[in-house]
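Okay, final.txt is below, compact mmCIF, C-alpha atoms and all ligand atoms:
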```txt
# COMPACT_ATOMS: atom_id res chain seq x y z
CA MET A 981 8.12 0.79 41.20
CA ILE A 982 6.95 3.69 39.04
CA LEU A 983 9.09 6.75 39.66
CA ARG A 984 7.28 9.86 38.51
CA LEU A 985 8.71 13.37 38.47
CA ASP A 986 6.21 16.23 38.44
CA ASP A 987 7.76 19.54 37.40
CA LEU A 988 10.68 18.80 39.70
CA THR A 989 13.21 21.55 40.48
CA LEU A 990 16.21 20.76 42.70
CA GLY A 991 19.19 22.81 43.80
CA TYR A 992 21.45 24.04 46.53
CA GLN A 993 20.93 27.09 48.75
CA ARG A 994 17.98 27.88 46.48
CA HIS A 995 20.15 27.93 43.33
CA PRO A 996 18.46 25.48 40.97
CA ALA A 997 20.58 22.75 39.39
CA VAL A 998 17.76 20.71 37.82
CA HIS A 999 14.79 22.56 36.39
CA HIS A 1000 11.18 21.60 35.79
CA LEU A 1001 11.67 17.93 35.08
CA SER A 1002 8.57 15.87 34.37
CA GLY A 1003 8.44 12.24 33.32
CA THR A 1004 8.24 8.64 34.40
CA PHE A 1005 10.75 5.85 35.01
CA ALA A 1006 8.81 2.62 34.56
CA PRO A 1007 9.41 -0.71 36.34
CA GLY A 1008 11.76 -3.04 34.52
CA ARG A 1009 13.09 -0.19 32.45
CA LEU A 1010 16.80 0.64 32.28
CA THR A 1011 17.29 4.37 31.84
CA ALA A 1012 20.64 6.09 31.34
CA VAL A 1013 21.06 9.70 32.44
CA ILE A 1014 23.62 11.50 30.31
CA GLY A 1015 24.84 15.08 30.25
CA PRO A 1016 27.95 17.23 30.56
CA ASN A 1017 29.73 17.89 33.87
CA GLY A 1018 27.53 20.02 36.07
CA ALA A 1019 24.34 19.06 34.18
CA GLY A 1020 22.59 18.06 37.41
CA LYS A 1021 22.78 14.28 37.01
CA SER A 1022 24.00 13.53 40.56
CA THR A 1023 21.63 16.16 41.90
CA LEU A 1024 18.72 14.37 40.23
CA LEU A 1025 19.61 11.00 41.78
CA LYS A 1026 20.02 12.59 45.22
CA GLY A 1027 16.65 14.31 44.81
CA ILE A 1028 14.93 11.05 43.88
CA LYS A 1029 16.54 9.27 46.83
CA GLY A 1030 15.30 12.07 49.09
CA LEU A 1031 18.74 13.35 50.11
CA LEU A 1032 17.96 16.85 48.85
CA PRO A 1033 14.87 18.93 49.53
CA THR A 1034 12.90 19.79 46.40
CA LEU A 1035 12.75 23.50 45.52
CA SER A 1036 9.47 22.97 43.67
CA GLY A 1037 7.47 20.19 42.10
CA ARG A 1038 7.83 16.69 43.46
CA VAL A 1039 8.99 13.11 43.17
CA ALA A 1040 5.68 11.26 43.41
CA LEU A 1041 6.56 8.60 46.00
CA SER A 1042 5.24 7.49 49.35
CA LYS A 1043 7.65 7.35 52.29
CA ALA A 1044 7.55 3.54 52.19
CA GLU A 1045 8.41 3.54 48.48
CA ARG A 1046 11.32 5.88 49.08
CA GLY A 1047 12.68 3.38 51.58
CA ARG A 1048 12.80 0.83 48.77
CA ILE A 1049 15.20 2.86 46.64
CA ALA A 1050 18.77 1.57 46.60
CA TYR A 1051 21.40 4.16 45.74
CA LEU A 1052 25.07 3.89 44.79
CA PRO A 1053 26.66 7.34 45.09
CA GLN A 1054 29.30 8.62 42.70
CA GLN A 1055 32.14 8.53 45.19
CA ALA A 1056 31.48 5.16 46.71
CA ASP A 1057 31.38 5.55 50.46
CA LEU A 1058 34.08 2.99 51.10
CA GLU A 1059 37.13 4.01 53.04
CA PRO A 1060 39.79 1.63 51.70
CA GLY A 1061 41.98 2.03 54.79
CA PHE A 1062 39.17 1.04 57.15
CA PRO A 1063 39.68 -2.57 58.33
CA ILE A 1064 36.21 -3.82 57.46
CA SER A 1065 35.63 -7.18 55.82
CA VAL A 1066 34.02 -7.73 52.44
CA LEU A 1067 31.27 -9.70 54.22
CA ASP A 1068 30.41 -6.74 56.47
CA VAL A 1069 30.26 -4.36 53.51
CA VAL A 1070 27.85 -6.66 51.68
CA LEU A 1071 25.78 -7.27 54.81
CA LEU A 1072 25.20 -3.54 55.08
CA GLY A 1073 22.79 -4.06 52.17
CA HIS A 1074 20.95 -6.62 54.26
CA TRP A 1075 20.74 -4.22 57.20
CA ARG A 1076 19.40 -1.46 54.98
CA GLN A 1077 16.69 -3.81 53.80
CA SER A 1078 15.81 -5.38 57.16
CA GLY A 1079 16.37 -2.37 59.43
CA ALA A 1080 19.39 -1.52 61.56
CA PHE A 1081 18.44 -3.95 64.31
CA GLY A 1082 17.49 -6.87 62.09
CA ALA A 1083 19.34 -10.06 62.87
CA ILE A 1084 21.79 -11.20 60.23
CA GLY A 1085 21.78 -14.96 60.87
CA ARG A 1086 22.66 -17.74 58.53
CA ASP A 1087 20.27 -16.61 55.78
CA GLY A 1088 21.90 -13.19 55.56
CA ARG A 1089 25.35 -14.75 55.35
CA ALA A 1090 24.22 -17.22 52.69
CA ALA A 1091 22.65 -14.37 50.70
CA ALA A 1092 25.89 -12.38 50.97
CA ALA A 1093 27.94 -15.36 49.78
CA ALA A 1094 25.55 -15.90 46.86
CA ALA A 1095 25.70 -12.21 45.92
CA LEU A 1096 29.52 -12.27 46.01
CA ALA A 1097 29.52 -15.33 43.77
CA ALA A 1098 27.09 -13.60 41.39
CA VAL A 1099 29.46 -10.64 40.99
CA GLY A 1100 32.44 -12.93 40.39
CA LEU A 1101 34.02 -12.79 43.85
CA PRO A 1102 33.18 -16.15 45.42
CA GLY A 1103 34.85 -16.88 48.73
CA LEU A 1104 36.19 -13.39 49.37
CA GLU A 1105 34.03 -12.73 52.45
CA ALA A 1106 36.91 -12.56 54.93
CA ARG A 1107 39.18 -10.22 52.94
CA THR A 1108 39.42 -6.62 54.05
CA ILE A 1109 37.90 -4.14 51.65
CA GLY A 1110 41.20 -2.24 51.48
CA SER A 1111 42.98 -5.27 50.05
CA LEU A 1112 40.79 -5.29 46.94
CA SER A 1113 41.33 -3.54 43.62
CA LEU A 1114 39.02 -0.71 42.58
CA GLY A 1115 37.10 -3.00 40.21
CA GLN A 1116 36.74 -5.67 42.89
CA ARG A 1117 35.45 -3.05 45.33
CA GLN A 1118 32.85 -1.99 42.77
CA ARG A 1119 31.79 -5.63 42.46
CA VAL A 1120 31.41 -5.76 46.26
CA LEU A 1121 29.20 -2.67 46.15
CA PHE A 1122 27.00 -4.34 43.54
CA ALA A 1123 26.74 -7.41 45.79
CA ARG A 1124 25.61 -5.06 48.56
CA LEU A 1125 22.98 -3.55 46.25
CA MET A 1126 21.74 -7.08 45.46
CA LEU A 1127 21.06 -7.66 49.15
CA GLU A 1128 19.35 -4.31 49.45
CA ASP A 1129 16.66 -5.66 47.15
CA GLY A 1130 15.55 -2.20 45.97
CA ALA A 1131 12.43 -1.80 43.87
CA ALA A 1132 14.34 1.05 42.23
CA ILE A 1133 18.13 1.22 41.93
CA LEU A 1134 20.01 4.47 41.31
CA LEU A 1135 23.62 4.23 40.12
CA ASP A 1136 25.80 7.33 39.87
CA GLU A 1137 28.66 6.71 37.41
CA PRO A 1138 29.07 3.08 38.48
CA PHE A 1139 31.74 2.37 35.86
CA ALA A 1140 34.16 5.26 36.31
CA ALA A 1141 37.71 3.82 36.16
CA ILE A 1142 36.41 0.24 35.79
CA ASP A 1143 37.80 -2.12 33.12
CA SER A 1144 35.62 -3.51 30.33
CA ARG A 1145 35.44 -7.05 31.71
CA THR A 1146 34.09 -5.78 35.04
CA VAL A 1147 31.69 -3.47 33.19
CA ASP A 1148 30.37 -6.47 31.25
CA ASP A 1149 29.94 -8.55 34.41
CA LEU A 1150 28.20 -5.76 36.31
CA MET A 1151 26.04 -4.91 33.27
CA ALA A 1152 24.77 -8.50 33.45
CA VAL A 1153 23.70 -7.81 37.04
CA ILE A 1154 21.94 -4.62 35.93
CA GLN A 1155 20.14 -6.47 33.09
CA ARG A 1156 18.93 -9.03 35.62
CA TRP A 1157 17.56 -6.24 37.82
CA GLY A 1158 15.60 -5.01 34.81
CA ASP A 1159 14.31 -8.51 34.06
CA GLU A 1160 13.16 -8.76 37.68
CA GLY A 1161 11.03 -5.65 37.15
CA ARG A 1162 13.19 -3.22 39.08
CA THR A 1163 13.43 0.40 37.96
CA VAL A 1164 17.06 1.19 37.14
CA ILE A 1165 18.50 4.67 36.57
CA ALA A 1166 22.22 4.98 35.86
CA VAL A 1167 24.31 8.10 35.28
CA LEU A 1168 26.78 7.26 32.52
CA HIS A 1169 29.31 9.03 30.32
CA ASP A 1170 30.04 6.13 27.94
CA LEU A 1171 27.55 6.69 25.13
CA ASP A 1172 28.50 3.45 23.36
CA LEU A 1173 27.52 1.54 26.48
CA VAL A 1174 24.28 3.53 26.69
CA ARG A 1175 23.47 2.65 23.08
CA ARG A 1176 24.28 -1.00 23.67
CA ALA A 1177 22.62 -1.66 26.99
CA PHE A 1178 20.12 1.05 27.99
CA PRO A 1179 16.85 1.14 26.04
CA PHE A 1180 15.87 4.55 27.52
CA THR A 1181 17.86 7.74 28.00
CA LEU A 1182 17.35 11.08 29.70
CA ALA A 1183 19.64 13.75 28.24
CA LEU A 1184 20.03 16.32 30.98
CA ALA A 1185 21.46 19.80 30.79
CA ARG A 1186 19.94 21.30 33.93
CA GLU A 1187 16.62 20.61 32.19
CA ALA A 1188 15.56 17.69 30.03
CA VAL A 1189 16.97 18.14 26.54
CA ALA A 1190 15.40 14.84 25.48
CA TRP A 1191 13.91 11.84 27.27
CA GLY A 1192 12.73 8.64 25.61
CA PRO A 1193 13.93 5.59 23.66
CA THR A 1194 17.72 5.77 23.41
CA GLU A 1195 17.84 5.75 19.60
CA THR A 1196 15.61 8.85 19.50
CA VAL A 1197 17.63 10.66 22.20
CA LEU A 1198 21.22 9.98 21.12
CA THR A 1199 21.11 12.09 17.99
CA PRO A 1200 23.74 14.64 16.92
CA ALA A 1201 21.15 17.41 17.40
CA THR A 1202 20.48 16.44 21.05
CA LEU A 1203 24.17 16.08 21.86
CA ASP A 1204 24.79 19.51 20.29
CA ARG A 1205 22.01 21.11 22.30
CA MET A 1206 23.38 19.59 25.52
CA ARG A 1207 26.83 21.02 24.82
CA GLN A 1208 25.50 24.45 23.88
CA SER A 1209 23.35 24.84 26.96
CA SER A 1210 26.22 23.84 29.28
CA ALA A 1211 28.17 26.90 28.11
CA ALA A 1212 25.41 29.19 29.43
CA TRP A 1213 25.02 27.90 33.01
CA ASP A 1214 25.12 30.37 35.83
CA ASP A 1215 25.59 28.75 39.24
CA ASN A 1216 24.44 31.93 40.98
CA ALA A 1217 21.15 32.18 39.13
CA ASP A 1218 18.16 32.80 41.33
CA LEU A 1219 15.33 30.44 41.87
CA CYS A 1220 13.57 30.08 38.57
CA HIS A 1221 9.97 31.21 38.53
CA ARG A 1222 8.87 29.66 35.27
CA GLY A 1223 6.02 27.74 36.90
CA GLN A 1224 4.67 30.85 38.61
CA SER A 1225 4.98 33.20 35.64
CA ASP A 1226 3.25 30.63 33.42
CA ALA A 1227 0.30 30.89 35.77
CA LEU A 1228 0.12 34.69 35.66
N1 LIG A 1301 26.64 20.31 47.61
C1 LIG A 1301 26.52 21.26 46.68
N2 LIG A 1301 26.40 22.57 47.03
C2 LIG A 1301 26.26 23.55 46.10
N3 LIG A 1301 26.20 23.31 44.77
C3 LIG A 1301 26.31 22.03 44.36
C4 LIG A 1301 26.47 20.94 45.28
N4 LIG A 1301 26.54 19.79 44.57
C5 LIG A 1301 26.43 20.15 43.27
N5 LIG A 1301 26.30 21.49 43.15
C6 LIG A 1301 26.16 22.23 41.88
O1 LIG A 1301 25.01 21.74 41.18
C7 LIG A 1301 25.29 21.68 39.79
C8 LIG A 1301 25.00 20.27 39.29
O2 LIG A 1301 25.94 19.39 39.89
P1 LIG A 1301 25.86 17.81 39.74
O3 LIG A 1301 26.91 17.22 40.62
O4 LIG A 1301 24.47 17.38 39.92
O5 LIG A 1301 26.25 17.63 38.20
P2 LIG A 1301 26.60 16.31 37.40
O6 LIG A 1301 25.81 16.35 36.14
O7 LIG A 1301 26.42 15.10 38.25
O8 LIG A 1301 28.13 16.54 37.05
P3 LIG A 1301 29.38 15.53 36.87
O9 LIG A 1301 29.23 14.86 35.53
O10 LIG A 1301 30.56 16.47 36.89
O11 LIG A 1301 29.38 14.56 38.03
C9 LIG A 1301 26.74 22.12 39.60
O12 LIG A 1301 26.74 23.47 39.20
C10 LIG A 1301 27.34 21.97 40.97
O13 LIG A 1301 28.35 22.93 41.19
```

What does this structure look like when you write it as structure tokens?
Amino acid sequence: MILRLDDLTLGYQRHPAVHHLSGTFAPGRLTAVIGPNGAGKSTLLKGIKGLLPTLSGRVALSKAERGRIAYLPQQADLEPGFPISVLDVVLLGHWRQSGAFGAIGRDGRAAAAAALAAVGLPGLEARTIGSLSLGQRQRVLFARLMLEDGAAILLDEPFAAIDSRTVDDLMAVIQRWGDEGRTVIAVLHDLDLVRRAFPFTLALAREAVAWGPTETVLTPATLDRMRQSSAAWDDNADLCHRGQSDAL
């Protein structure tokens, strides 16, 4: 799926958090989104998923295409105390793909078991989610994403507090998604990982500081510019009228 942003501005209560972003995420391409805290990275993913209204511009997607976007939020929506089984958590991905009233059946269960094996948790279907470690829970969420079968997959800080072995295993899943032609966008803070595994990078500081092949984006000059602009952010700024004034 081609994800195109046309002069996209997103924000909250009309205060913009992401300004005038234009560009394309191509199928099969792994793109990292980097930027300081408050840069608008989570806001961008929510806007692409359609969880936030756009203030101006657009994400060029049909409604059907939007339904084919899988999204892993920053604070994974798993309540560890809730007595739900690993199988049910993974099957939620199947429901999202087949509709809330789709039958699960043997195929769904077999797909869930295969996905759990692929993320290194074979045979854990019956365990409760609360009995798993944080890294194991993240593996379960990746298994769920596998069943969701998204044409585009948005990951918001998927590796926060995750050990390097789990990162490597889940990176292999992400690489496979790219090989299968899926569009992958991941918010990341680990720049070494970005250099190693993500061929494209968007450096965001409320607006695009740089966007392109990772080696051209991760330069000292770009990282400096990102840091400098974060010092100047005003959360109470009014809606920006750059588009309109350009037209005057
Ligand atoms: N629900 C909300 N209501 C109002 N403002 C919000 C809301 N969510 C985020 N913001 C503001 O939007 C701006 C961008 O936030 P966002 O969470 O997108 O940044 P981020 O780059 O993902 O940061 P981090 O690295 O800390 O997760 C921040 O100034 C934040 O305070």

(request) Identify which of the residues A:Leu1052, A:Ala1185, A:Ala1094, A:Leu1024 lies closest to Gly1130 of chain A, counting only C-alpha atoms when measuring atom-to-atom distances. (result) A:Leu1052

(request) Return the single residue from A:Val1167, A:Leu1010, A:Ala1019, A:Leu1067 that is closest to ligand LIG 1301 (chain A), with distances computed using all atoms listed in the file. (result) A:Ala1019

Please give me, as a PDB file with C-alpha atoms, keeping the file's coordinate frame, the residues lying within 10 Å of ligand LIG 1301 (chain A) when counting all atoms listed in the file.
```pdb
ATOM      1  CA  LEU A 990      16.210  20.760  42.700  1.00  0.00           C
ATOM      2  CA  GLY A 991      19.190  22.810  43.800  1.00  0.00           C
ATOM      3  CA  TYR A 992      21.450  24.040  46.530  1.00  0.00           C
ATOM      4  CA  GLN A 993      20.930  27.090  48.750  1.00  0.00           C
ATOM      5  CA  ARG A 994      17.980  27.880  46.480  1.00  0.00           C
ATOM      6  CA  HIS A 995      20.150  27.930  43.330  1.00  0.00           C
ATOM      7  CA  PRO A 996      18.460  25.480  40.970  1.00  0.00           C
ATOM      8  CA  ALA A 997      20.580  22.750  39.390  1.00  0.00           C
ATOM      9  CA  VAL A 998      17.760  20.710  37.820  1.00  0.00           C
ATOM     10  CA  VAL A1013      21.060   9.700  32.440  1.00  0.00           C
ATOM     11  CA  ILE A1014      23.620  11.500  30.310  1.00  0.00           C
ATOM     12  CA  GLY A1015      24.840  15.080  30.250  1.00  0.00           C
ATOM     13  CA  PRO A1016      27.950  17.230  30.560  1.00  0.00           C
ATOM     14  CA  ASN A1017      29.730  17.890  33.870  1.00  0.00           C
ATOM     15  CA  GLY A1018      27.530  20.020  36.070  1.00  0.00           C
ATOM     16  CA  ALA A1019      24.340  19.060  34.180  1.00  0.00           C
ATOM     17  CA  GLY A1020      22.590  18.060  37.410  1.00  0.00           C
ATOM     18  CA  LYS A1021      22.780  14.280  37.010  1.00  0.00           C
ATOM     19  CA  SER A1022      24.000  13.530  40.560  1.00  0.00           C
ATOM     20  CA  THR A1023      21.630  16.160  41.900  1.00  0.00           C
ATOM     21  CA  LEU A1024      18.720  14.370  40.230  1.00  0.00           C
ATOM     22  CA  LEU A1025      19.610  11.000  41.780  1.00  0.00           C
ATOM     23  CA  LYS A1026      20.020  12.590  45.220  1.00  0.00           C
ATOM     24  CA  GLY A1027      16.650  14.310  44.810  1.00  0.00           C
ATOM     25  CA  LEU A1032      17.960  16.850  48.850  1.00  0.00           C
ATOM     26  CA  GLN A1054      29.300   8.620  42.700  1.00  0.00           C
ATOM     27  CA  GLN A1055      32.140   8.530  45.190  1.00  0.00           C
ATOM     28  CA  ASP A1136      25.800   7.330  39.870  1.00  0.00           C
ATOM     29  CA  GLU A1137      28.660   6.710  37.410  1.00  0.00           C
ATOM     30  CA  VAL A1167      24.310   8.100  35.280  1.00  0.00           C
ATOM     31  CA  LEU A1168      26.780   7.260  32.520  1.00  0.00           C
ATOM     32  CA  HIS A1169      29.310   9.030  30.320  1.00  0.00           C
ATOM     33  CA  LEU A1184      20.030  16.320  30.980  1.00  0.00           C
ATOM     34  CA  ALA A1185      21.460  19.800  30.790  1.00  0.00           C
ATOM     35  CA  ARG A1186      19.940  21.300  33.930  1.00  0.00           C
ATOM     36  CA  SER A1210      26.220  23.840  29.280  1.00  0.00           C
ATOM     37  CA  TRP A1213      25.020  27.900  33.010  1.00  0.00           C
ATOM     38  CA  ASP A1214      25.120  30.370  35.830  1.00  0.00           C
ATOM     39  CA  ASP A1215      25.590  28.750  39.240  1.00  0.00           C
ATOM     40  CA  ASN A1216      24.440  31.930  40.980  1.00  0.00           C
TER      41      ASN A1216
END
```

(request) Work out how far atom CA of Val1066 of chain A is from atom CA of Arg1145 of chain A, in Å to one decimal. (result)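 Distance reported for this atom pair: 20.8 Å.
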
(message) Given all atoms listed in the file as the basis, pick out the residue of A:Leu1150, A:Ala1095, A:Gly1100, A:Asp1129 nearest to Arg1162 of chain A.
(response)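 For Arg1162 of chain A, the nearest of the candidates is A:Asp1129.
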